[in-house]
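The data block below is input.tsv; it holds TSV, C-alpha atoms and all ligand atoms.
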```
chain	number	residue	atom	x	y	z
S	925	MET	CA	103.44	103.70	172.05
S	926	PRO	CA	100.61	104.63	169.76
S	927	SER	CA	102.60	106.89	167.48
S	928	LYS	CA	105.23	104.27	166.65
S	929	HIS	CA	102.55	101.81	165.85
S	930	HIS	CA	100.95	104.34	163.59
S	931	HIS	CA	104.21	104.86	161.68
S	932	PHE	CA	104.65	101.17	161.18
S	933	LEU	CA	101.19	100.92	159.63
S	934	ALA	CA	101.80	103.86	157.36
S	935	ALA	CA	105.04	102.34	156.13
S	936	SER	CA	103.50	99.00	155.30
S	937	LEU	CA	100.57	100.63	153.53
S	938	MET	CA	102.98	102.53	151.37
S	939	PHE	CA	104.71	99.33	150.50
S	940	PHE	CA	101.50	97.70	149.37
S	941	THR	CA	100.51	100.60	147.17
S	942	LEU	CA	103.81	100.34	145.33
S	943	ALA	CA	103.80	96.57	144.90
S	944	PRO	CA	103.23	95.31	141.35
S	945	GLY	CA	99.70	94.24	140.63
S	946	ALA	CA	98.28	96.60	143.23
S	947	VAL	CA	95.84	99.22	142.08
S	948	ILE	CA	97.48	102.59	141.87
S	949	ALA	CA	94.77	105.09	142.54
S	950	GLN	CA	96.47	108.08	141.07
S	951	GLU	CA	98.90	108.46	138.25
S	952	ARG	CA	102.04	110.20	139.34
S	953	LEU	CA	103.47	110.79	135.89
S	954	THR	CA	100.54	112.26	134.01
S	955	MET	CA	100.62	112.58	130.23
S	956	ASP	CA	100.73	116.36	130.68
S	957	ALA	CA	103.82	116.15	132.86
S	958	LEU	CA	105.47	113.70	130.47
S	959	GLN	CA	104.78	115.85	127.45
S	960	GLU	CA	106.82	118.59	129.13
S	961	GLY	CA	109.84	116.28	129.41
S	962	ASP	CA	113.09	116.93	127.57
S	963	TYR	CA	113.28	114.51	124.65
S	964	MET	CA	117.01	115.03	123.99
S	965	LYS	CA	117.97	114.49	127.61
S	966	GLY	CA	115.75	111.42	127.67
S	967	LYS	CA	117.44	110.12	124.57
S	968	GLN	CA	120.85	110.52	126.20
S	969	THR	CA	119.72	108.64	129.29
S	970	PHE	CA	118.24	105.82	127.26
S	971	GLN	CA	121.34	105.54	125.08
S	972	GLY	CA	123.64	105.58	128.09
S	973	ARG	CA	121.73	103.12	130.25
S	974	CYS	CA	119.43	100.97	128.13
S	975	SER	CA	120.40	100.79	124.46
S	976	ALA	CA	123.09	98.17	125.02
S	977	CYS	CA	120.26	95.70	125.69
S	978	HIS	CA	117.11	97.16	124.09
S	979	THR	CA	116.00	98.40	120.68
S	980	LEU	CA	112.89	100.59	120.46
S	981	ALA	CA	111.85	100.74	116.79
S	982	ASP	CA	109.17	98.49	115.29
S	983	ASP	CA	110.62	95.29	113.80
S	984	SER	CA	114.00	95.72	115.50
S	985	GLY	CA	115.41	92.64	117.11
S	986	ASP	CA	115.78	91.54	120.71
S	987	ILE	CA	119.30	91.96	122.10
S	988	ALA	CA	120.00	90.94	125.70
S	989	GLY	CA	116.59	92.42	126.48
S	990	PRO	CA	113.36	92.42	124.44
S	991	ASN	CA	112.60	94.95	121.70
S	992	LEU	CA	110.38	97.57	123.36
S	993	TRP	CA	108.15	98.72	120.47
S	994	GLY	CA	104.59	98.84	121.84
S	995	VAL	CA	105.72	98.07	125.39
S	996	PHE	CA	103.21	100.51	126.90
S	997	ASP	CA	100.32	98.58	125.33
S	998	ARG	CA	101.30	95.10	126.34
S	999	VAL	CA	101.25	92.94	129.41
S	1000	ALA	CA	104.65	92.72	131.07
S	1001	GLY	CA	106.69	89.71	130.04
S	1002	SER	CA	104.40	88.81	127.15
S	1003	LYS	CA	106.41	89.66	124.04
S	1004	PRO	CA	106.46	86.53	121.85
S	1005	GLY	CA	109.87	85.05	121.14
S	1006	PHE	CA	111.69	86.49	124.16
S	1007	ARG	CA	112.67	84.28	127.10
S	1008	PHE	CA	111.53	86.24	130.13
S	1009	SER	CA	112.25	85.28	133.73
S	1010	ASP	CA	109.47	83.54	135.68
S	1011	THR	CA	108.97	86.84	137.52
S	1012	LEU	CA	108.14	88.76	134.34
S	1013	LYS	CA	106.10	85.87	132.94
S	1014	ALA	CA	103.99	85.84	136.11
S	1015	ALA	CA	103.44	89.62	136.10
S	1016	ASP	CA	99.90	90.42	135.00
S	1017	PHE	CA	99.90	94.16	134.50
S	1018	GLU	CA	100.45	96.42	131.52
S	1019	TRP	CA	103.43	98.72	131.54
S	1020	SER	CA	102.59	102.35	132.27
S	1021	PRO	CA	104.99	105.26	132.79
S	1022	ASP	CA	104.34	105.01	136.55
S	1023	ARG	CA	105.13	101.31	136.67
S	1024	LEU	CA	108.31	101.70	134.66
S	1025	ASP	CA	109.26	104.67	136.83
S	1026	ALA	CA	108.85	102.56	139.97
S	1027	TRP	CA	110.76	99.61	138.51
S	1028	LEU	CA	113.71	101.71	137.35
S	1029	ASN	CA	113.82	103.34	140.78
S	1030	ASP	CA	114.29	99.97	142.49
S	1031	PRO	CA	115.01	97.26	139.90
S	1032	GLN	CA	115.14	94.27	142.26
S	1033	GLY	CA	112.75	95.53	144.94
S	1034	TYR	CA	109.88	96.20	142.55
S	1035	LEU	CA	110.02	92.90	140.68
S	1036	PRO	CA	112.12	90.51	142.79
S	1037	GLY	CA	113.81	87.85	140.72
S	1038	ASN	CA	113.76	89.69	137.39
S	1039	ILE	CA	116.85	89.13	135.25
S	1040	MET	CA	117.34	92.66	133.96
S	1041	GLY	CA	120.85	93.26	135.24
S	1042	ILE	CA	121.07	97.02	135.54
S	1043	PRO	CA	123.70	97.96	138.09
S	1044	GLU	CA	121.88	100.84	139.75
S	1045	PRO	CA	118.55	102.68	139.73
S	1046	VAL	CA	118.01	105.32	137.07
S	1047	PRO	CA	118.28	108.63	138.97
S	1048	ALA	CA	114.89	110.25	139.61
S	1049	ALA	CA	115.96	113.41	137.78
S	1050	ASP	CA	116.45	111.45	134.55
S	1051	ARG	CA	113.40	109.18	134.55
S	1052	LEU	CA	110.66	111.54	133.35
S	1053	ASP	CA	112.69	112.71	130.34
S	1054	MET	CA	113.61	109.14	129.49
S	1055	LEU	CA	109.99	107.99	129.71
S	1056	LYS	CA	108.90	110.78	127.38
S	1057	PHE	CA	111.54	109.66	124.88
S	1058	MET	CA	110.40	106.04	125.22
S	1059	LEU	CA	106.70	106.90	124.77
S	1060	ILE	CA	107.52	108.60	121.48
S	1061	GLU	CA	109.97	106.00	120.20
S	1062	THR	CA	107.82	102.97	121.06
S	1063	GLY	CA	104.75	104.32	119.28
S	1064	ALA	CA	102.65	104.99	122.41
S	1065	VAL	CA	102.00	108.66	121.55
S	1066	ASP	CA	102.20	110.76	118.43
S	1067	TRP	CA	103.94	113.75	119.95
S	1068	PRO	CA	106.39	115.34	117.52
S	1069	ARG	CA	110.08	114.61	117.84
S	1070	PRO	CA	112.03	117.81	118.39
S	1071	GLU	CA	114.27	119.05	115.60
S	1072	ILE	CA	117.79	117.76	116.04
S	1073	ASN	CA	119.57	120.56	117.75
S	1074	PHE	CA	123.21	120.59	116.71
S	1075	ALA	CA	124.23	122.96	119.46
S	1076	ALA	CA	122.71	120.61	122.03
S	1077	GLU	CA	124.42	117.59	120.45
S	1078	GLN	CA	127.70	119.46	120.58
S	1079	ALA	CA	127.18	120.46	124.20
S	1080	ASP	CA	126.43	116.81	124.98
S	1081	ARG	CA	129.76	115.78	123.46
S	1082	GLU	CA	131.52	118.11	125.86
S	1083	ARG	CA	130.06	116.49	128.97
S	1084	PRO	CA	132.37	114.04	130.76
S	1085	TYR	CA	132.23	110.38	129.78
S	1086	SER	CA	130.97	109.49	133.27
S	1087	GLU	CA	127.78	111.47	132.54
S	1088	ARG	CA	127.38	110.59	128.87
S	1089	PHE	CA	127.93	106.85	129.34
S	1090	PRO	CA	127.25	106.05	133.00
S	1091	SER	CA	126.87	102.29	132.70
S	1092	PHE	CA	129.97	102.00	130.53
S	1093	TRP	CA	131.86	104.14	133.05
S	1094	ASN	CA	130.69	102.29	136.13
S	1095	HIS	CA	131.44	98.94	134.58
S	1096	LEU	CA	134.84	99.58	133.05
S	1097	MET	CA	136.43	102.09	135.44
S	1098	PHE	CA	135.90	100.15	138.66
S	1099	ASN	CA	136.31	96.54	137.59
S	1100	THR	CA	138.92	94.29	136.03
S	1101	THR	CA	139.12	93.37	132.36
S	1102	ARG	CA	140.64	89.91	131.98
S	1103	TYR	CA	142.35	88.74	128.78
S	1104	ARG	CA	143.52	85.44	127.37
S	1105	TRP	CA	145.84	86.03	124.43
S	1106	GLU	CA	145.92	82.99	122.21
S	1107	ASP	CA	148.51	82.58	119.44
S	1108	THR	CA	146.58	80.39	117.03
S	1109	THR	CA	149.72	79.28	115.12
S	1110	THR	CA	151.83	78.14	118.10
S	1111	GLY	CA	149.00	77.47	120.55
S	1112	GLU	CA	150.77	79.62	123.14
S	1113	GLU	CA	148.58	81.36	125.71
S	1114	PHE	CA	149.10	84.37	127.90
S	1115	ARG	CA	146.73	85.73	130.51
S	1116	PHE	CA	146.71	89.22	131.99
S	1117	ASP	CA	144.38	91.69	133.66
S	1118	VAL	CA	143.88	95.26	132.56
S	1119	TYR	CA	142.42	98.26	134.40
S	1120	PHE	CA	140.94	101.06	132.33
S	1121	ARG	CA	141.43	104.22	134.40
S	1122	PRO	CA	139.38	107.42	134.65
S	1123	ASP	CA	142.44	109.41	133.53
S	1124	GLY	CA	142.47	107.72	130.11
S	1125	LEU	CA	145.43	105.46	130.87
S	1126	VAL	CA	145.50	101.70	131.25
S	1127	SER	CA	147.37	99.72	133.91
S	1128	SER	CA	147.93	95.98	133.94
S	1129	SER	CA	148.63	93.13	136.33
S	1130	GLU	CA	151.55	92.34	134.00
S	1131	LYS	CA	154.61	94.55	134.45
S	1132	GLY	CA	155.47	96.21	131.17
S	1133	ILE	CA	151.96	96.33	129.72
S	1134	LYS	CA	150.65	99.86	129.51
S	1135	GLY	CA	148.08	101.63	127.42
S	1136	PHE	CA	145.56	104.36	126.86
S	1137	TRP	CA	141.90	104.59	125.86
S	1138	ARG	CA	139.44	107.13	124.49
S	1139	ILE	CA	135.97	107.38	122.92
S	1140	ASP	CA	135.92	108.50	119.31
S	1141	GLU	CA	133.36	110.62	117.43
S	1142	ARG	CA	131.32	107.53	116.49
S	1143	ASP	CA	130.99	106.68	120.20
S	1144	PHE	CA	133.39	103.78	119.85
S	1145	PHE	CA	135.58	102.88	122.79
S	1146	CYS	CA	139.14	102.51	121.45
S	1147	TYR	CA	142.18	101.40	123.38
S	1148	GLY	CA	145.79	100.56	122.73
S	1149	LEU	CA	148.15	98.33	124.70
S	1150	THR	CA	151.95	98.19	124.46
S	1151	GLY	CA	154.51	95.85	125.96
S	1152	LEU	CA	152.76	92.62	124.99
S	1153	LYS	CA	155.65	90.17	125.23
S	1154	ILE	CA	153.94	87.29	123.49
S	1155	SER	CA	152.93	89.36	120.45
S	1156	LYS	CA	155.32	89.62	117.50
S	1157	VAL	CA	154.27	93.24	117.09
S	1158	GLY	CA	154.25	94.07	120.80
S	1159	HIS	CA	151.23	96.30	120.73
S	1160	MET	CA	147.60	96.33	119.67
S	1161	VAL	CA	144.71	98.73	119.15
S	1162	GLU	CA	141.02	97.88	118.93
S	1163	CYS	CA	137.63	99.60	119.09
S	1164	PHE	CA	134.15	98.49	120.18
S	1165	PRO	CA	130.87	100.43	120.33
S	1166	VAL	CA	130.54	101.96	123.80
S	1167	ALA	CA	127.10	100.37	124.05
S	1168	ALA	CA	128.66	96.91	123.76
S	1169	MET	CA	131.01	97.65	126.65
S	1170	ALA	CA	128.22	99.04	128.83
S	1171	ILE	CA	126.48	95.75	129.51
S	1172	PRO	CA	127.20	95.01	133.14
S	1173	ARG	CA	128.11	91.32	133.09
S	1174	PHE	CA	130.86	89.37	134.79
S	1175	ALA	CA	132.43	86.21	133.40
S	1176	GLU	CA	135.94	84.92	132.65
S	1177	GLU	CA	135.26	85.25	128.92
S	1178	LEU	CA	132.57	87.41	127.32
S	1179	TRP	CA	133.91	88.32	123.88
S	1180	THR	CA	136.59	87.32	121.39
S	1181	SER	CA	138.43	89.55	118.96
S	1182	LYS	CA	141.29	89.23	116.44
S	1183	PRO	CA	143.61	92.16	117.13
S	1184	GLN	CA	146.39	90.70	114.93
S	1185	PRO	CA	146.69	87.96	112.32
S	1186	GLY	CA	147.12	84.63	114.06
S	1187	VAL	CA	145.85	85.93	117.39
S	1188	LYS	CA	142.59	85.37	119.20
S	1189	LEU	CA	142.02	87.60	122.18
S	1190	HIS	CA	139.41	86.47	124.70
S	1191	GLY	CA	138.11	89.19	127.01
S	1192	GLY	CA	136.08	88.99	130.19
S	1193	MET	CA	135.14	91.07	133.23
S	1194	GLN	CA	135.78	90.43	136.92
S	1195	PRO	CA	134.23	92.52	139.70
S	1196	GLY	CA	136.49	95.01	141.48
S	1197	ARG	CA	140.17	95.77	141.06
S	1198	PRO	CA	143.26	96.00	143.29
S	1199	ASP	CA	143.68	99.15	145.39
S	1200	TRP	CA	147.02	100.11	143.84
S	1201	VAL	CA	145.31	100.94	140.52
S	1202	ALA	CA	143.59	103.99	142.02
S	1203	THR	CA	146.89	105.43	143.25
S	1204	GLY	CA	148.36	105.40	139.76
S	1205	GLN	CA	151.28	103.34	138.42
M	1301	LIG	C1	121.98	94.30	130.76
M	1301	LIG	C2	120.91	94.37	129.80
M	1301	LIG	C3	119.77	95.32	130.09
M	1301	LIG	C4	119.84	96.68	130.32
M	1301	LIG	C5	121.07	97.55	130.42
M	1301	LIG	C6	118.46	97.12	130.41
M	1301	LIG	N1	117.61	96.07	130.26
M	1301	LIG	FE1	115.58	96.16	130.26
M	1301	LIG	N2	115.48	94.13	130.17
M	1301	LIG	C7	116.56	93.28	130.09
M	1301	LIG	C8	116.13	91.91	130.24
M	1301	LIG	C9	117.01	90.67	130.22
M	1301	LIG	C10	114.72	91.97	130.42
M	1301	LIG	C11	113.79	90.82	130.74
M	1301	LIG	C12	113.75	90.73	132.28
M	1301	LIG	C13	113.12	89.48	132.84
M	1301	LIG	O1	112.59	88.66	132.08
M	1301	LIG	O2	113.16	89.34	134.09
M	1301	LIG	C14	114.35	93.38	130.35
M	1301	LIG	C15	113.06	93.84	130.42
M	1301	LIG	C16	112.68	95.16	130.26
M	1301	LIG	C17	111.33	95.64	130.19
M	1301	LIG	C18	110.07	94.79	130.24
M	1301	LIG	C19	109.67	94.41	128.86
M	1301	LIG	C20	108.38	93.62	128.79
M	1301	LIG	O3	107.95	93.34	127.67
M	1301	LIG	O4	107.82	93.30	129.84
M	1301	LIG	C21	111.39	97.00	130.06
M	1301	LIG	C22	110.22	97.95	129.92
M	1301	LIG	C23	112.79	97.37	130.10
M	1301	LIG	N3	113.55	96.24	130.22
M	1301	LIG	C24	113.25	98.67	130.04
M	1301	LIG	C25	114.60	99.02	130.23
M	1301	LIG	C26	115.06	100.38	130.38
M	1301	LIG	C27	114.19	101.61	130.31
M	1301	LIG	C28	116.42	100.29	130.57
M	1301	LIG	C29	117.40	101.43	130.82
M	1301	LIG	C30	117.20	102.16	132.05
M	1301	LIG	C31	116.80	98.90	130.53
M	1301	LIG	N4	115.66	98.17	130.34
M	1301	LIG	C32	118.10	98.44	130.66
M	1301	LIG	C33	117.88	93.66	129.90
M	1301	LIG	C34	118.37	94.95	130.08
```
Since I need it in another form, could you write the structure as structure tokens?
Amino acid sequence: MPSKHHHFLAASLMFFTLAPGAVIAQERLTMDALQEGDYMKGKQTFQGRCSACHTLADDSGDIAGPNLWGVFDRVAGSKPGFRFSDTLKAADFEWSPDRLDAWLNDPQGYLPGNIMGIPEPVPAADRLDMLKFMLIETGAVDWPRPEINFAAEQADRERPYSERFPSFWNHLMFNTTRYRWEDTTTGEEFRFDVYFRPDGLVSSSEKGIKGFWRIDERDFFCYGLTGLKISKVGHMVECFPVAAMAIPRFAEELWTSKPQPGVKLHGGMQPGRPDWVATGQ
């Protein structure tokens, strides 16, 4: 079966060419191609998928991920002061648009064991624009930034949340938000789960708790809950930056807020949600 054998060889050769550290003979994303990219679209993709964990500007801080100023001129995993995984520390290549393109196409396959928890690859159609935006904003090139186009910004605002904020959407609309309501004067506690729904409503594991959510003009995620039996007021409203809610992490407790005097509300995320949520209620 000579032809099958041949295919097998071709497949494994392809794999080796894409592996980190291997010499890539030809650039796929040339500077000419990148310069043609759409800066504004790239900015949207970066803000929707990366900015919860990364800043770009010089002298900005590390968040969950390292500040990326100068990333195209440095060896992967080498930024001082950031605690990289052993995988990134061991990597001995400099980031190039092609390498980043390959990583974002297959986050775990390209660098197995890295701790950058992005839930899904960045779609191919969005990567070139995003890389152009990153080249400009991390100081790798001195291409001009386009004039802010108000019509384009306005058109962006009219796109559905699922497109404008994909990691926020994927995280919050398909998983379970878990709360522990703590009355700090009486010490009473009350636990309940909440499901933010694509239709803008909120369901709960607790009969009687209902709510709604929306994203305001500052790109803050705001939600209200009613029917809170333990609360003296019975309802609450709070807002967080969408970027803060877009970090895909799961734990019993991830954040704490003070929705009312004398109340601490501990929030966390659990993967998945019961089937009945999708059918309304
Ligand atoms: C959930 C937080 C999170 C998100 C979202 C995220 N990153 Fe990261 N990023 C990290 C962490 C953590 C590391 C360090 C990974 C390691 O050490 O294994 C990292 C590392 C990197 C590095 C390597 C930096 C270096 O100096 O070697 C680049 C480049 C990068 N991320 C780009 C991106 C881009 C582009 C996106 C959006 C598509 C993105 N990241 C989304 C957390 C995140």
Contacts between region 1161-1185 of chain S and region 1063-1157 of chain S, please, where a residue of region 1063-1157 of chain S counts if it comes within 8 Å (with all atoms listed in the file); show its shortest atom pair and distance in Å to one decimal, rows by chain and ascending number, as CSV.
```
residue,atom,partner,partner_atom,distance
S:Phe1089,CA,S:Ala1170,CA,7.8
S:Ser1091,CA,S:Ala1170,CA,5.2
S:Phe1092,CA,S:Ala1170,CA,3.8
S:Trp1093,CA,S:Ala1170,CA,7.6
S:His1095,CA,S:Pro1172,CA,6.0
S:Leu1096,CA,S:Met1169,CA,7.7
S:Arg1102,CA,S:Glu1176,CA,6.9
S:Tyr1103,CA,S:Glu1177,CA,7.9
S:Ile1139,CA,S:Val1166,CA,7.7
S:Asp1143,CA,S:Val1166,CA,6.0
S:Phe1144,CA,S:Pro1165,CA,4.2
S:Phe1145,CA,S:Val1166,CA,5.2
S:Cys1146,CA,S:Cys1163,CA,4.0
S:Tyr1147,CA,S:Val1161,CA,5.6
S:Gly1148,CA,S:Val1161,CA,4.2
S:Leu1149,CA,S:Val1161,CA,6.5
```
Between CA of Tyr963 (chain S) and CA of Lys1056 (chain S), what is the spacing in Å?
6.4 Å
Pick out the residues no farther than 8 Å from ligand LIG 1301 (chain M), counting all atoms listed in the file, and list them as JSON, numbers by chain.
{"S": [969, 970, 972, 973, 974, 975, 976, 977, 978, 988, 989, 990, 991, 992, 995, 998, 999, 1000, 1001, 1002, 1003, 1007, 1008, 1009, 1010, 1011, 1012, 1013, 1019, 1024, 1028, 1037, 1038, 1039, 1040, 1041, 1042, 1045, 1046, 1054, 1055, 1058, 1091, 1170, 1171, 1172, 1173]}
Just to confirm, what's the straight-line distance from CA of Thr1110 (chain S) to CA of Val1187 (chain S) in Å (one decimal)?
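Calculated distance between CA of Thr1110 (chain S) and CA of Val1187 (chain S) is 9.8 Å.
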Figure out the distance between CA of Gly966 (chain S) and CA of Asp1050 (chain S), please, to one decimal in Å.
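It comes out at 6.9 Å.
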Distance query 10 Å from (145.2, 102.0, 125.6) using all atoms listed in the file, result as a list in words:
Val1118, Tyr1119, Phe1120, Arg1121, Gly1124, Leu1125, Val1126, Ser1127, Ile1133, Lys1134, Gly1135, Phe1136, Trp1137, Arg1138, Cys1146, Tyr1147, Gly1148, Leu1149, Thr1150, His1159, Met1160, Val1161 and Glu1162 of chain S
Fewer than 3 positions away in the same chain doesn't count, so skip those; otherwise give me all residues within 12 Å of Glu1077 (chain S), counting only C-alpha atoms, as a PyMOL selection string.
chain S and resi 964-965+967-968+1071-1074+1080-1083+1088+1141
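Of the residues listed (S:Ile1154, S:Met1193, S:Leu1052, S:Ala1075), S:Leu1052 shows the shortest atom-to-atom separation from Gln959 (chain S); distances use all atoms listed in the file.
Using all atoms listed in the file, the protein and nucleic acid residues lying no more than 7 Å from Asp1022 (chain S), apart from those fewer than 3 places from it along its own chain, are Glu951, Arg952, Leu953, Asp1025 and Ala1026 of chain S.
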With only C-alpha atoms as the atoms that count, which of S:Asn1094, S:Thr1100, S:Ser1086, S:Gln1078 lies nearest to Gln1194 (chain S)?
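Nearest to Gln1194 (chain S): S:Thr1100.
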Could you check which of S:Gly1033, S:Pro1070, S:Leu1189, S:Ala1079 is closest to Arg1104 (chain S), using all atoms listed in the file?
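Counting all atoms listed in the file, the residue closest to Arg1104 (chain S) is S:Leu1189.
Shortest atom-to-atom contact with Asp1123 (chain S) among S:Val1201, S:Leu1035, S:Leu1152, S:Ala981: S:Val1201, counting only C-alpha atoms.
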Write a file for region 1082-1165 of chain S of the given structure; include C-alpha atoms and format it as a compact mmCIF listing (two decimals), in the first residue's frame.
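Written file, decode_20.txt:
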```txt
# COMPACT_ATOMS: atom_id res chain seq x y z
CA GLU S 1082 -25.05 47.08 16.89
CA ARG S 1083 -23.48 43.64 16.48
CA PRO S 1084 -24.81 40.96 18.83
CA TYR S 1085 -23.07 40.46 22.16
CA SER S 1086 -22.04 36.94 21.09
CA GLU S 1087 -19.86 38.50 18.36
CA ARG S 1088 -18.65 41.56 20.25
CA PHE S 1089 -17.69 39.65 23.40
CA PRO S 1090 -17.24 36.00 22.44
CA SER S 1091 -15.33 34.84 25.51
CA PHE S 1092 -17.72 36.61 27.86
CA TRP S 1093 -20.64 35.04 25.97
CA ASN S 1094 -19.24 31.53 25.89
CA HIS S 1095 -18.35 31.64 29.54
CA LEU S 1096 -21.47 33.17 31.02
CA MET S 1097 -24.25 31.88 28.75
CA PHE S 1098 -23.41 28.18 28.96
CA ASN S 1099 -22.17 27.76 32.52
CA THR S 1100 -23.41 28.22 36.05
CA THR S 1101 -22.73 31.25 38.24
CA ARG S 1102 -22.64 30.20 41.89
CA TYR S 1103 -23.28 32.63 44.75
CA ARG S 1104 -22.81 32.61 48.50
CA TRP S 1105 -24.75 35.46 50.07
CA GLU S 1106 -23.28 36.33 53.43
CA ASP S 1107 -25.09 38.63 55.88
CA THR S 1108 -22.13 40.08 57.76
CA THR S 1109 -24.26 41.28 60.71
CA THR S 1110 -26.10 38.03 61.47
CA GLY S 1111 -23.60 35.62 59.92
CA GLU S 1112 -26.42 33.99 57.95
CA GLU S 1113 -25.49 32.37 54.64
CA PHE S 1114 -27.48 31.51 51.57
CA ARG S 1115 -26.25 29.71 48.48
CA PHE S 1116 -27.84 29.70 45.05
CA ASP S 1117 -26.97 29.20 41.40
CA VAL S 1118 -27.81 31.62 38.64
CA TYR S 1119 -27.97 31.13 34.85
CA PHE S 1120 -27.49 34.18 32.66
CA ARG S 1121 -29.50 33.48 29.51
CA PRO S 1122 -28.97 34.55 25.89
CA ASP S 1123 -32.41 36.24 25.95
CA GLY S 1124 -31.28 38.74 28.61
CA LEU S 1125 -33.14 37.06 31.47
CA VAL S 1126 -31.73 35.25 34.48
CA SER S 1127 -32.97 31.96 35.94
CA SER S 1128 -31.96 30.47 39.26
CA SER S 1129 -31.75 27.14 41.05
CA GLU S 1130 -33.76 28.87 43.79
CA LYS S 1131 -37.48 29.20 43.11
CA GLY S 1132 -38.49 32.83 43.30
CA ILE S 1133 -35.18 34.35 42.23
CA LYS S 1134 -35.40 35.95 38.82
CA GLY S 1135 -33.52 38.65 37.03
CA PHE S 1136 -32.27 40.32 33.90
CA TRP S 1137 -28.93 41.47 32.51
CA ARG S 1138 -27.55 43.80 29.85
CA ILE S 1139 -24.31 45.47 28.74
CA ASP S 1140 -24.24 49.24 29.11
CA GLU S 1141 -22.53 51.89 26.95
CA ARG S 1142 -19.30 51.63 28.97
CA ASP S 1143 -19.15 47.90 28.19
CA PHE S 1144 -20.10 47.01 31.74
CA PHE S 1145 -22.11 43.87 32.35
CA CYS S 1146 -25.00 44.83 34.66
CA TYR S 1147 -27.55 42.51 36.17
CA GLY S 1148 -30.39 42.65 38.64
CA LEU S 1149 -31.87 39.88 40.78
CA THR S 1150 -35.22 39.91 42.60
CA GLY S 1151 -36.78 37.52 45.09
CA LEU S 1152 -33.75 37.24 47.36
CA LYS S 1153 -35.40 35.97 50.54
CA ILE S 1154 -32.45 36.51 52.82
CA SER S 1155 -31.98 40.16 51.79
CA LYS S 1156 -33.84 42.88 53.67
CA VAL S 1157 -34.31 44.70 50.38
CA GLY S 1158 -35.13 41.60 48.33
CA HIS S 1159 -33.30 42.64 45.22
CA MET S 1160 -29.89 43.77 44.03
CA VAL S 1161 -28.19 45.28 41.01
CA GLU S 1162 -24.48 45.30 40.22
CA CYS S 1163 -22.13 45.94 37.28
CA PHE S 1164 -18.69 44.64 36.32
CA PRO S 1165 -16.53 45.37 33.26
```
